[in-house]
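Colleague: Okay, so here is upload.pdb, and as you'll see once you scroll down, it has PDB, C-alpha atoms, pLDDT in the B column.
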ATOM      1  CA  MET A   1      29.825-127.112 169.484  1.00 43.00           C
ATOM      2  CA  ALA A   2      27.592-125.401 166.934  1.00 52.00           C
ATOM      3  CA  ARG A   3      26.996-128.747 165.210  1.00 51.00           C
ATOM      4  CA  ILE A   4      26.217-130.431 168.548  1.00 49.00           C
ATOM      5  CA  ASN A   5      23.587-127.763 169.191  1.00 53.00           C
ATOM      6  CA  SER A   6      22.162-128.304 165.680  1.00 62.00           C
ATOM      7  CA  GLU A   7      22.804-124.722 164.631  1.00 72.00           C
ATOM      8  CA  GLN A   8      22.391-123.978 160.929  1.00 81.00           C
ATOM      9  CA  PHE A   9      24.389-121.453 158.925  1.00 88.00           C
ATOM     10  CA  ASP A  10      24.078-120.149 155.379  1.00 90.00           C
ATOM     11  CA  GLU A  11      27.847-120.460 154.982  1.00 95.00           C
ATOM     12  CA  ILE A  12      30.789-121.609 157.078  1.00 95.00           C
ATOM     13  CA  TRP A  13      33.981-119.602 156.678  1.00 97.00           C
ATOM     14  CA  GLY A  14      37.354-120.853 157.806  1.00 96.00           C
ATOM     15  CA  ILE A  15      40.610-119.214 158.828  1.00 95.00           C
ATOM     16  CA  ASN A  16      43.864-120.573 157.376  1.00 94.00           C
ATOM     17  CA  SER A  17      43.870-124.379 157.175  1.00 93.00           C
ATOM     18  CA  ILE A  18      40.838-125.278 159.298  1.00 94.00           C
ATOM     19  CA  GLY A  19      39.223-126.454 156.056  1.00 94.00           C
ATOM     20  CA  GLY A  20      41.581-129.429 156.210  1.00 93.00           C
ATOM     21  CA  ILE A  21      39.732-130.606 159.322  1.00 93.00           C
ATOM     22  CA  PHE A  22      36.101-129.884 158.412  1.00 93.00           C
ATOM     23  CA  HIS A  23      34.347-128.511 155.339  1.00 93.00           C
ATOM     24  CA  VAL A  24      34.133-124.751 154.879  1.00 95.00           C
ATOM     25  CA  ASP A  25      32.506-122.740 152.096  1.00 96.00           C
ATOM     26  CA  ARG A  26      35.147-119.990 152.029  1.00 97.00           C
ATOM     27  CA  THR A  27      38.630-119.683 153.480  1.00 97.00           C
ATOM     28  CA  PHE A  28      40.601-116.620 154.467  1.00 98.00           C
ATOM     29  CA  MET A  29      44.354-117.208 154.406  1.00 97.00           C
ATOM     30  CA  MET A  30      45.991-113.817 154.220  1.00 97.00           C
ATOM     31  CA  ASP A  31      49.528-115.151 154.450  1.00 95.00           C
ATOM     32  CA  PRO A  32      50.797-116.127 150.978  1.00 96.00           C
ATOM     33  CA  ALA A  33      50.513-119.858 150.291  1.00 95.00           C
ATOM     34  CA  SER A  34      54.279-119.957 149.833  1.00 94.00           C
ATOM     35  CA  ARG A  35      54.649-119.519 153.603  1.00 93.00           C
ATOM     36  CA  PHE A  36      53.185-122.975 154.026  1.00 94.00           C
ATOM     37  CA  LEU A  37      54.300-124.661 150.817  1.00 93.00           C
ATOM     38  CA  ASP A  38      57.898-123.445 150.573  1.00 93.00           C
ATOM     39  CA  ASP A  39      58.909-122.934 154.187  1.00 88.00           C
ATOM     40  CA  GLU A  40      58.596-124.379 157.681  1.00 89.00           C
ATOM     41  CA  LYS A  41      58.163-121.092 159.545  1.00 85.00           C
ATOM     42  CA  ALA A  42      54.459-121.728 160.127  1.00 86.00           C
ATOM     43  CA  GLY A  43      55.498-124.446 162.579  1.00 88.00           C
ATOM     44  CA  THR A  44      52.828-126.993 163.440  1.00 86.00           C
ATOM     45  CA  GLN A  45      50.414-125.407 160.943  1.00 86.00           C
ATOM     46  CA  THR A  46      52.661-126.371 158.039  1.00 91.00           C
ATOM     47  CA  GLY A  47      51.552-129.980 157.603  1.00 92.00           C
ATOM     48  CA  ILE A  48      47.799-129.428 157.758  1.00 93.00           C
ATOM     49  CA  ALA A  49      48.110-126.298 155.609  1.00 94.00           C
ATOM     50  CA  ARG A  50      49.888-128.205 152.864  1.00 94.00           C
ATOM     51  CA  GLU A  51      47.312-130.967 153.022  1.00 94.00           C
ATOM     52  CA  PHE A  52      44.485-128.445 152.819  1.00 94.00           C
ATOM     53  CA  LEU A  53      45.985-126.403 149.981  1.00 95.00           C
ATOM     54  CA  LEU A  54      47.155-129.284 147.806  1.00 95.00           C
ATOM     55  CA  GLU A  55      44.977-132.301 148.615  1.00 94.00           C
ATOM     56  CA  THR A  56      41.604-131.271 150.087  1.00 94.00           C
ATOM     57  CA  PRO A  57      38.842-131.336 147.424  1.00 94.00           C
ATOM     58  CA  ASN A  58      35.958-128.860 147.079  1.00 92.00           C
ATOM     59  CA  LYS A  59      37.686-126.150 149.055  1.00 92.00           C
ATOM     60  CA  GLY A  60      35.744-123.207 147.699  1.00 95.00           C
ATOM     61  CA  PRO A  61      37.470-119.830 147.251  1.00 97.00           C
ATOM     62  CA  ILE A  62      40.538-119.056 149.344  1.00 98.00           C
ATOM     63  CA  TYR A  63      41.042-115.316 149.834  1.00 98.00           C
ATOM     64  CA  SER A  64      44.684-114.341 150.141  1.00 98.00           C
ATOM     65  CA  CYS A  65      47.166-111.565 149.465  1.00 97.00           C
ATOM     66  CA  GLN A  66      48.785-113.313 146.507  1.00 97.00           C
ATOM     67  CA  ILE A  67      47.779-115.731 143.755  1.00 97.00           C
ATOM     68  CA  ASP A  68      49.646-119.062 143.699  1.00 96.00           C
ATOM     69  CA  GLU A  69      49.345-121.233 140.582  1.00 96.00           C
ATOM     70  CA  ARG A  70      49.753-124.386 142.645  1.00 96.00           C
ATOM     71  CA  VAL A  71      46.423-123.678 144.368  1.00 96.00           C
ATOM     72  CA  PRO A  72      43.826-122.655 141.753  1.00 96.00           C
ATOM     73  CA  GLU A  73      41.219-121.907 144.431  1.00 97.00           C
ATOM     74  CA  ILE A  74      43.195-118.915 145.702  1.00 97.00           C
ATOM     75  CA  VAL A  75      41.752-115.539 144.727  1.00 98.00           C
ATOM     76  CA  ASP A  76      42.863-112.024 145.603  1.00 98.00           C
ATOM     77  CA  PHE A  77      41.184-110.581 148.657  1.00 98.00           C
ATOM     78  CA  PRO A  78      39.181-107.560 147.361  1.00 98.00           C
ATOM     79  CA  LEU A  79      41.005-105.159 149.651  1.00 98.00           C
ATOM     80  CA  GLN A  80      40.336-101.951 147.728  1.00 98.00           C
ATOM     81  CA  ASP A  81      36.631-102.739 147.361  1.00 98.00           C
ATOM     82  CA  VAL A  82      36.270-103.530 151.075  1.00 98.00           C
ATOM     83  CA  VAL A  83      38.170-100.424 152.184  1.00 98.00           C
ATOM     84  CA  THR A  84      36.238 -98.185 149.803  1.00 98.00           C
ATOM     85  CA  SER A  85      32.936 -99.653 150.975  1.00 97.00           C
ATOM     86  CA  LEU A  86      33.621 -99.399 154.707  1.00 98.00           C
ATOM     87  CA  GLY A  87      35.974 -96.426 154.968  1.00 97.00           C
ATOM     88  CA  TYR A  88      38.476 -98.136 157.274  1.00 97.00           C
ATOM     89  CA  CYS A  89      41.762 -99.924 156.670  1.00 97.00           C
ATOM     90  CA  TYR A  90      42.727-101.598 159.945  1.00 97.00           C
ATOM     91  CA  PHE A  91      43.879-105.181 159.459  1.00 97.00           C
ATOM     92  CA  ASN A  92      46.492-106.827 161.657  1.00 94.00           C
ATOM     93  CA  ASN A  93      45.246-110.424 161.465  1.00 95.00           C
ATOM     94  CA  THR A  94      43.345-112.726 159.123  1.00 96.00           C
ATOM     95  CA  VAL A  95      40.099-112.836 161.113  1.00 96.00           C
ATOM     96  CA  ALA A  96      39.730-109.073 160.750  1.00 97.00           C
ATOM     97  CA  TYR A  97      39.770-109.399 156.954  1.00 98.00           C
ATOM     98  CA  ALA A  98      37.029-112.037 157.123  1.00 98.00           C
ATOM     99  CA  VAL A  99      34.817-109.863 159.332  1.00 98.00           C
ATOM    100  CA  ALA A 100      35.305-106.815 157.113  1.00 98.00           C
ATOM    101  CA  PHE A 101      34.486-108.925 154.039  1.00 98.00           C
ATOM    102  CA  ALA A 102      31.272-110.065 155.725  1.00 98.00           C
ATOM    103  CA  ILE A 103      30.297-106.494 156.565  1.00 98.00           C
ATOM    104  CA  ALA A 104      31.000-105.299 153.024  1.00 98.00           C
ATOM    105  CA  ASN A 105      28.802-108.106 151.717  1.00 97.00           C
ATOM    106  CA  LYS A 106      25.984-107.064 154.062  1.00 97.00           C
ATOM    107  CA  VAL A 107      25.483-110.335 155.908  1.00 97.00           C
ATOM    108  CA  LYS A 108      22.831-110.332 158.625  1.00 96.00           C
ATOM    109  CA  LYS A 109      24.682-112.276 161.310  1.00 96.00           C
ATOM    110  CA  ILE A 110      28.243-113.362 162.126  1.00 96.00           C
ATOM    111  CA  SER A 111      28.888-116.227 164.547  1.00 95.00           C
ATOM    112  CA  PHE A 112      32.389-116.717 165.947  1.00 95.00           C
ATOM    113  CA  TYR A 113      33.759-120.094 167.006  1.00 93.00           C
ATOM    114  CA  GLY A 114      37.374-120.771 167.939  1.00 88.00           C
ATOM    115  CA  ILE A 115      38.339-117.102 167.676  1.00 89.00           C
ATOM    116  CA  ASP A 116      40.283-116.854 170.932  1.00 82.00           C
ATOM    117  CA  PHE A 117      43.197-114.476 171.314  1.00 75.00           C
ATOM    118  CA  SER A 118      43.862-115.232 174.979  1.00 66.00           C
ATOM    119  CA  TYR A 119      43.569-118.542 176.742  1.00 60.00           C
ATOM    120  CA  LYS A 120      42.288-119.500 180.174  1.00 61.00           C
ATOM    121  CA  LYS A 121      44.915-122.153 180.775  1.00 60.00           C
ATOM    122  CA  ASN A 122      47.829-119.948 179.766  1.00 54.00           C
ATOM    123  CA  ILE A 123      47.589-116.380 181.033  1.00 53.00           C
ATOM    124  CA  TYR A 124      51.189-115.741 179.943  1.00 48.00           C
ATOM    125  CA  PHE A 125      50.409-116.132 176.230  1.00 48.00           C
ATOM    126  CA  ALA A 126      48.088-114.154 173.993  1.00 55.00           C
ATOM    127  CA  GLU A 127      47.853-113.649 170.232  1.00 70.00           C
ATOM    128  CA  ALA A 128      47.866-110.198 168.700  1.00 77.00           C
ATOM    129  CA  GLY A 129      44.743-109.041 166.900  1.00 87.00           C
ATOM    130  CA  ARG A 130      41.902-109.200 169.387  1.00 90.00           C
ATOM    131  CA  ALA A 131      41.427-105.418 169.478  1.00 92.00           C
ATOM    132  CA  CYS A 132      41.330-105.300 165.680  1.00 95.00           C
ATOM    133  CA  VAL A 133      38.652-108.001 165.440  1.00 95.00           C
ATOM    134  CA  GLU A 134      36.607-106.334 168.165  1.00 96.00           C
ATOM    135  CA  PHE A 135      36.867-103.047 166.256  1.00 97.00           C
ATOM    136  CA  TRP A 136      35.344-104.714 163.200  1.00 97.00           C
ATOM    137  CA  CYS A 137      32.664-106.304 165.395  1.00 97.00           C
ATOM    138  CA  ALA A 138      31.715-102.787 166.504  1.00 96.00           C
ATOM    139  CA  VAL A 139      31.548-101.658 162.881  1.00 97.00           C
ATOM    140  CA  ALA A 140      29.292-104.629 162.123  1.00 97.00           C
ATOM    141  CA  VAL A 141      26.940-103.787 164.986  1.00 96.00           C
ATOM    142  CA  THR A 142      26.603-100.180 163.798  1.00 96.00           C
ATOM    143  CA  LYS A 143      25.398-101.550 160.470  1.00 97.00           C
ATOM    144  CA  GLY A 144      22.743-103.745 162.053  1.00 96.00           C
ATOM    145  CA  ILE A 145      24.660-107.026 161.823  1.00 97.00           C
ATOM    146  CA  ALA A 146      24.102-109.405 164.737  1.00 95.00           C
ATOM    147  CA  ILE A 147      27.215-110.742 166.463  1.00 94.00           C
ATOM    148  CA  GLN A 148      27.269-114.105 168.233  1.00 94.00           C
ATOM    149  CA  VAL A 149      30.331-115.378 170.120  1.00 93.00           C
ATOM    150  CA  ALA A 150      30.903-118.833 171.595  1.00 91.00           C
ATOM    151  CA  HIS A 151      30.318-118.807 175.366  1.00 88.00           C
ATOM    152  CA  SER A 152      33.859-119.990 176.151  1.00 86.00           C
ATOM    153  CA  SER A 153      35.564-117.352 173.984  1.00 88.00           C
ATOM    154  CA  SER A 154      37.558-114.413 175.318  1.00 86.00           C
ATOM    155  CA  LEU A 155      36.389-112.285 172.365  1.00 90.00           C
ATOM    156  CA  LEU A 156      34.289-109.325 173.551  1.00 90.00           C
ATOM    157  CA  ASP A 157      34.827-110.598 177.124  1.00 88.00           C
ATOM    158  CA  THR A 158      32.177-113.237 176.452  1.00 88.00           C
ATOM    159  CA  ALA A 159      33.701-115.759 178.864  1.00 85.00           C
ATOM    160  CA  VAL A 160      34.096-113.228 181.674  1.00 87.00           C
ATOM    161  CA  PRO A 161      31.642-113.981 184.522  1.00 89.00           C
ATOM    162  CA  PRO A 162      28.609-111.636 184.454  1.00 89.00           C
ATOM    163  CA  GLU A 163      29.517-110.047 187.778  1.00 90.00           C
ATOM    164  CA  GLU A 164      32.952-109.086 186.437  1.00 89.00           C
ATOM    165  CA  LYS A 165      32.031-107.640 183.045  1.00 89.00           C
ATOM    166  CA  LEU A 166      31.459-104.054 184.229  1.00 89.00           C
ATOM    167  CA  TYR A 167      34.788-102.760 185.475  1.00 90.00           C
ATOM    168  CA  GLY A 168      34.625-100.837 188.738  1.00 92.00           C
ATOM    169  CA  TYR A 169      31.151-102.101 189.563  1.00 90.00           C
ATOM    170  CA  HIS A 170      32.647-105.592 189.834  1.00 91.00           C
ATOM    171  CA  ARG A 171      34.327-104.527 193.090  1.00 91.00           C
ATOM    172  CA  LEU A 172      31.008-103.811 194.824  1.00 92.00           C
ATOM    173  CA  GLU A 173      29.503-106.240 197.313  1.00 91.00           C
ATOM    174  CA  ASP A 174      26.448-106.496 195.048  1.00 92.00           C
ATOM    175  CA  PRO A 175      27.933-105.855 191.591  1.00 92.00           C
ATOM    176  CA  LEU A 176      25.983-104.614 188.600  1.00 93.00           C
ATOM    177  CA  VAL A 177      25.340-107.136 185.845  1.00 91.00           C
ATOM    178  CA  GLN A 178      23.822-106.913 182.386  1.00 87.00           C
ATOM    179  CA  LYS A 179      21.118-109.019 180.841  1.00 84.00           C
ATOM    180  CA  PHE A 180      18.883-109.027 177.790  1.00 79.00           C
ATOM    181  CA  HIS A 181      15.198-109.027 178.659  1.00 80.00           C
ATOM    182  CA  GLU A 182      12.507-108.984 175.970  1.00 81.00           C
ATOM    183  CA  GLY A 183      14.950-107.550 173.453  1.00 79.00           C
ATOM    184  CA  SER A 184      16.299-104.808 175.708  1.00 84.00           C
ATOM    185  CA  LEU A 185      19.620-104.649 177.533  1.00 85.00           C
ATOM    186  CA  ILE A 186      19.083-103.910 181.208  1.00 89.00           C
ATOM    187  CA  ILE A 187      21.539-103.239 184.039  1.00 91.00           C
ATOM    188  CA  SER A 188      20.774-104.182 187.614  1.00 90.00           C
ATOM    189  CA  ASN A 189      22.378-105.460 190.790  1.00 91.00           C
ATOM    190  CA  LYS A 190      23.295-109.109 190.680  1.00 90.00           C
ATOM    191  CA  SER A 191      21.029-109.866 193.640  1.00 89.00           C
ATOM    192  CA  LYS A 192      18.000-108.654 191.660  1.00 86.00           C
ATOM    193  CA  MET A 193      18.746-110.667 188.544  1.00 79.00           C
ATOM    194  CA  GLU A 194      17.428-114.147 187.901  1.00 59.00           C
ATOM    195  CA  SER A 195      20.177-116.744 187.745  1.00 57.00           C
ATOM    196  CA  PRO A 196      21.251-117.366 184.137  1.00 51.00           C
ATOM    197  CA  GLU A 197      21.362-120.871 182.710  1.00 54.00           C
ATOM    198  CA  PRO A 198      24.599-122.578 183.790  1.00 50.00           C
ATOM    199  CA  ILE A 199      27.370-122.746 181.213  1.00 45.00           C
ATOM    200  CA  ASP A 200      30.062-125.396 181.423  1.00 48.00           C
ATOM    201  CA  VAL A 201      33.231-123.364 181.139  1.00 43.00           C
ATOM    202  CA  VAL A 202      36.611-123.622 182.785  1.00 44.00           C
ATOM    203  CA  THR A 203      37.099-121.091 185.574  1.00 45.00           C
ATOM    204  CA  GLU A 204      38.820-118.038 184.122  1.00 47.00           C
ATOM    205  CA  PRO A 205      42.204-117.115 185.589  1.00 46.00           C
ATOM    206  CA  VAL A 206      42.419-113.771 187.315  1.00 47.00           C
ATOM    207  CA  LEU A 207      43.370-110.795 185.153  1.00 49.00           C
ATOM    208  CA  ILE A 208      45.605-108.007 186.329  1.00 47.00           C
ATOM    209  CA  GLY A 209      43.585-104.795 186.339  1.00 53.00           C
ATOM    210  CA  ARG A 210      40.288-106.519 187.040  1.00 53.00           C
ATOM    211  CA  HIS A 211      41.571-108.294 190.150  1.00 55.00           C
ATOM    212  CA  ASP A 212      43.792-107.191 193.021  1.00 57.00           C
ATOM    213  CA  ILE A 213      46.544-109.793 193.321  1.00 53.00           C
ATOM    214  CA  GLU A 214      48.847-109.685 196.301  1.00 58.00           C
ATOM    215  CA  GLY A 215      52.469-109.693 195.177  1.00 57.00           C
ATOM    216  CA  VAL A 216      51.517-108.869 191.596  1.00 49.00           C
ATOM    217  CA  SER A 217      49.337-105.746 191.445  1.00 49.00           C
ATOM    218  CA  TYR A 218      50.188-104.658 194.965  1.00 51.00           C
ATOM    219  CA  LYS A 219      52.526-105.509 197.828  1.00 60.00           C
ATOM    220  CA  LYS A 220      51.222-106.166 201.290  1.00 62.00           C
ATOM    221  CA  LYS A 221      52.605-103.734 203.815  1.00 63.00           C
ATOM    222  CA  GLU A 222      54.755-105.315 206.452  1.00 64.00           C
ATOM    223  CA  ASN A 223      53.830-104.830 210.076  1.00 61.00           C
ATOM    224  CA  LYS A 224      56.825-102.948 211.434  1.00 60.00           C
ATOM    225  CA  ASN A 225      55.554-103.283 214.995  1.00 59.00           C
ATOM    226  CA  GLY A 226      55.467-107.055 214.858  1.00 52.00           C
TER     227      GLY A 226
END
Would you put the structure from the file into C-alpha cells?
Modeller:
Amino acid sequence: MARINSEQFDEIWGINSIGGIFHVDRTFMMDPASRFLDDEKAGTQTGIAREFLLETPNKGPIYSCQIDERVPEIVDFPLQDVVTSLGYCYFNNTVAYAVAFAIANKVKKISFYGIDFSYKKNIYFAEAGRACVEFWCAVAVTKGIAIQVAHSSSLLDTAVPPEEKLYGYHRLEDPLVQKFHEGSLIISNKSKMESPEPIDVVTEPVLIGRHDIEGVSYKKKENKNG
C-alpha cells in the first residue's frame, strides 16, 4: 500500500522472512536461524524463511539472537547497547526489538505496515506482543519520533472507527471524537466534526468491553409475566 501511494522511506526494515518477498534494507529475526533451517516448527514460515536465509541475494544485515555460519548476513542484535541507551528491557516479540533499535538509533519517523496482532476476520485469534510494541511506540513518541500506522491496522487502535476510539464516550448519542487540526489534537462531539476522508477498510467485528453483546457480555432478562 505504501508503494501504491508512492511513499518514500530512507530504509525499509523487515520482520523474519518478509525479505524473501520484497527487498528490505535490514531484517530482524530474533528466533535463531536454526529454527527455520533445522526444524519444521515454524510451520508455513519454514519454506520462505529457508529461501530468504539461504538463497535471497543482497539481504543486508539480519539481526538475531545467535550467529549462524550458514547465513553470513546474520549479526548479533546489540541488546546491551539498546537497553543501556533506553533504560528498558521489555521484549516479547521481534517487532519490539526493531522499534527499540530504531529509537536507540534516533530515527525521526517509524511507519508500520503489516504489524497486526489481531485480525478483523478472526476475532477468536490474536498474536501476543501488541502491548509490548505499543509500549515501545510510546517510548518513541516521548523522544520526538513520529509514529505512522497503516489505516487498516489494529495497532494503537488505528482501525477502530473514530466514534469508538474514546471508551465510555463511545456510548453517548453524540460521541466524542478526536482529530488533528493545524497540528493540534482536538476533541469534540462527532456532530461538530467535519467528515474525514473515507477509508476503504473492512468493517471491524465487535469487541467485548467496547460493545454490549446480548448473550456474550450480558444476558437478557426473561419476562416472567409473559
Colleague: Using all atoms listed in the file and a cutoff of 8 Å, can you tell me which residues are near (26.7, -106.7, 191.1) in the file's coordinates, and write them out as a VMD selection string?
Modeller: chain A and resid 163 169 to 170 172 to 177 188 to 191
Colleague: I would like the residues chosen by the PyMOL selection byres ((chain A and resi 72) around 12) on the shown file; could you give them as a PyMOL selection string?
Modeller: chain A and resi 33+53-55+57-64+66-71+73-76
Colleague: Using C-alpha atoms, can you export the residues from the last selection as an mmCIF file, in the frame of the given file?
Modeller:
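What follows is the written file part_27.cif:
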data_model
loop_
_atom_site.group_PDB
_atom_site.id
_atom_site.type_symbol
_atom_site.label_atom_id
_atom_site.label_comp_id
_atom_site.auth_asym_id
_atom_site.auth_seq_id
_atom_site.Cartn_x
_atom_site.Cartn_y
_atom_site.Cartn_z
ATOM 1 C CA ALA A 33 50.513 -119.858 150.291
ATOM 2 C CA LEU A 53 45.985 -126.403 149.981
ATOM 3 C CA LEU A 54 47.155 -129.284 147.806
ATOM 4 C CA GLU A 55 44.977 -132.301 148.615
ATOM 5 C CA PRO A 57 38.842 -131.336 147.424
ATOM 6 C CA ASN A 58 35.958 -128.860 147.079
ATOM 7 C CA LYS A 59 37.686 -126.150 149.055
ATOM 8 C CA GLY A 60 35.744 -123.207 147.699
ATOM 9 C CA PRO A 61 37.470 -119.830 147.251
ATOM 10 C CA ILE A 62 40.538 -119.056 149.344
ATOM 11 C CA TYR A 63 41.042 -115.316 149.834
ATOM 12 C CA SER A 64 44.684 -114.341 150.141
ATOM 13 C CA GLN A 66 48.785 -113.313 146.507
ATOM 14 C CA ILE A 67 47.779 -115.731 143.755
ATOM 15 C CA ASP A 68 49.646 -119.062 143.699
ATOM 16 C CA GLU A 69 49.345 -121.233 140.582
ATOM 17 C CA ARG A 70 49.753 -124.386 142.645
ATOM 18 C CA VAL A 71 46.423 -123.678 144.368
ATOM 19 C CA GLU A 73 41.219 -121.907 144.431
ATOM 20 C CA ILE A 74 43.195 -118.915 145.702
ATOM 21 C CA VAL A 75 41.752 -115.539 144.727
ATOM 22 C CA ASP A 76 42.863 -112.024 145.603
#
Colleague: Could you check how far atom CA of A:Phe22 sits from atom CA of A:Cys65, in Å to one decimal?
Modeller: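 Taking atom CA of A:Phe22 as the start and atom CA of A:Cys65 as the end point, the length is 23.2 Å.
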Colleague: Work out how far atom CA of A:Ile18 is from atom CA of A:Thr158, in Å to one decimal.
Modeller: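 Distance reported for this atom pair: 22.7 Å.
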Colleague: Between atom CA of A:Gly168 and atom CA of A:Glu182, what is the spacing in Å?
Modeller: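 Value for the atom CA of A:Glu182-atom CA of A:Gly168 distance: 26.8 Å.
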Colleague: Of the residues A:Glu51, A:Asp38, A:Asp10, A:Glu134, which is the one nearest to A:Ala100, using only C-alpha atoms?
Modeller: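 Using only C-alpha atoms, A:Ala100 sits closest to A:Glu134.
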Colleague: Which residue out of A:Val141, A:Ile21, A:Ala150, A:Ile15 has the minimum interatomic distance to A:Ser111 when all atoms listed in the file are used?
Modeller: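 For A:Ser111, the nearest of the candidates is A:Ala150.
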Colleague: Using all atoms listed in the file, which residue out of A:Ser85, A:Asn16, A:Gln8, A:Gln80 lies closest to A:Ile103?
Modeller: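 With all atoms listed in the file as the atom set, the closest residue is A:Ser85.
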Colleague: Which residues are close to A:Lys143, i.e. within 12 Å by only C-alpha atoms, leaving aside same-chain residues fewer than 5 positions away? Reply as a VMD selection string.
Modeller: chain A and resid 86 100 102 to 109 136 to 138
Colleague: Point out the residue among A:Phe52, A:Phe101, A:Phe112, A:Tyr90 with the least atom-to-atom distance to A:Gly129, counting all atoms listed in the file.
Modeller: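 That would be A:Tyr90, the residue with the smallest distance to A:Gly129.
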Colleague: Can you give me N, CA, C and O atoms for stretch 64-80 of chain A, written as an mmCIF file, in the frame of the given file?
Modeller:
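Everything below was put into rebuild37.cif:
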data_model
loop_
_atom_site.group_PDB
_atom_site.id
_atom_site.type_symbol
_atom_site.label_atom_id
_atom_site.label_comp_id
_atom_site.auth_asym_id
_atom_site.auth_seq_id
_atom_site.Cartn_x
_atom_site.Cartn_y
_atom_site.Cartn_z
ATOM 1 N N SER A 64 43.323 -114.529 149.669
ATOM 2 C CA SER A 64 44.684 -114.341 150.141
ATOM 3 C C SER A 64 45.269 -113.057 149.561
ATOM 4 O O SER A 64 44.602 -112.341 148.798
ATOM 5 N N CYS A 65 46.520 -112.793 149.929
ATOM 6 C CA CYS A 65 47.166 -111.565 149.465
ATOM 7 C C CYS A 65 47.907 -111.761 148.157
ATOM 8 O O CYS A 65 48.381 -110.790 147.550
ATOM 9 N N GLN A 66 48.004 -113.033 147.708
ATOM 10 C CA GLN A 66 48.785 -113.313 146.507
ATOM 11 C C GLN A 66 48.294 -114.592 145.841
ATOM 12 O O GLN A 66 48.037 -115.593 146.517
ATOM 13 N N ILE A 67 48.156 -114.550 144.525
ATOM 14 C CA ILE A 67 47.779 -115.731 143.755
ATOM 15 C C ILE A 67 48.946 -116.719 143.733
ATOM 16 O O ILE A 67 50.102 -116.330 143.686
ATOM 17 N N ASP A 68 48.621 -118.018 143.800
ATOM 18 C CA ASP A 68 49.646 -119.062 143.699
ATOM 19 C C ASP A 68 49.123 -120.114 142.729
ATOM 20 O O ASP A 68 48.078 -120.726 142.978
ATOM 21 N N GLU A 69 49.815 -120.328 141.631
ATOM 22 C CA GLU A 69 49.345 -121.233 140.582
ATOM 23 C C GLU A 69 49.188 -122.665 141.060
ATOM 24 O O GLU A 69 48.454 -123.454 140.455
ATOM 25 N N ARG A 70 49.858 -123.018 142.132
ATOM 26 C CA ARG A 70 49.753 -124.386 142.645
ATOM 27 C C ARG A 70 48.409 -124.645 143.330
ATOM 28 O O ARG A 70 48.013 -125.795 143.537
ATOM 29 N N VAL A 71 47.718 -123.558 143.687
ATOM 30 C CA VAL A 71 46.423 -123.678 144.368
ATOM 31 C C VAL A 71 45.414 -122.837 143.595
ATOM 32 O O VAL A 71 45.239 -121.647 143.854
ATOM 33 N N PRO A 72 44.733 -123.432 142.614
ATOM 34 C CA PRO A 72 43.826 -122.655 141.753
ATOM 35 C C PRO A 72 42.655 -122.010 142.483
ATOM 36 O O PRO A 72 42.052 -121.066 141.964
ATOM 37 N N GLU A 73 42.340 -122.482 143.682
ATOM 38 C CA GLU A 73 41.219 -121.907 144.431
ATOM 39 C C GLU A 73 41.548 -120.544 145.041
ATOM 40 O O GLU A 73 40.645 -119.820 145.473
ATOM 41 N N ILE A 74 42.815 -120.189 145.091
ATOM 42 C CA ILE A 74 43.195 -118.915 145.702
ATOM 43 C C ILE A 74 42.795 -117.750 144.809
ATOM 44 O O ILE A 74 43.062 -117.742 143.610
ATOM 45 N N VAL A 75 42.137 -116.767 145.429
ATOM 46 C CA VAL A 75 41.752 -115.539 144.727
ATOM 47 C C VAL A 75 42.255 -114.353 145.549
ATOM 48 O O VAL A 75 42.493 -114.464 146.758
ATOM 49 N N ASP A 76 42.431 -113.225 144.896
ATOM 50 C CA ASP A 76 42.863 -112.024 145.603
ATOM 51 C C ASP A 76 41.769 -111.531 146.543
ATOM 52 O O ASP A 76 40.597 -111.437 146.156
ATOM 53 N N PHE A 77 42.139 -111.214 147.759
ATOM 54 C CA PHE A 77 41.184 -110.581 148.657
ATOM 55 C C PHE A 77 40.849 -109.205 148.082
ATOM 56 O O PHE A 77 41.749 -108.431 147.736
ATOM 57 N N PRO A 78 39.569 -108.847 147.977
ATOM 58 C CA PRO A 78 39.181 -107.560 147.361
ATOM 59 C C PRO A 78 39.421 -106.384 148.301
ATOM 60 O O PRO A 78 38.480 -105.688 148.711
ATOM 61 N N LEU A 79 40.667 -106.150 148.634
ATOM 62 C CA LEU A 79 41.005 -105.159 149.651
ATOM 63 C C LEU A 79 40.489 -103.767 149.312
ATOM 64 O O LEU A 79 39.862 -103.103 150.144
ATOM 65 N N GLN A 80 40.757 -103.309 148.090
ATOM 66 C CA GLN A 80 40.336 -101.951 147.728
ATOM 67 C C GLN A 80 38.821 -101.808 147.797
ATOM 68 O O GLN A 80 38.306 -100.792 148.292
#
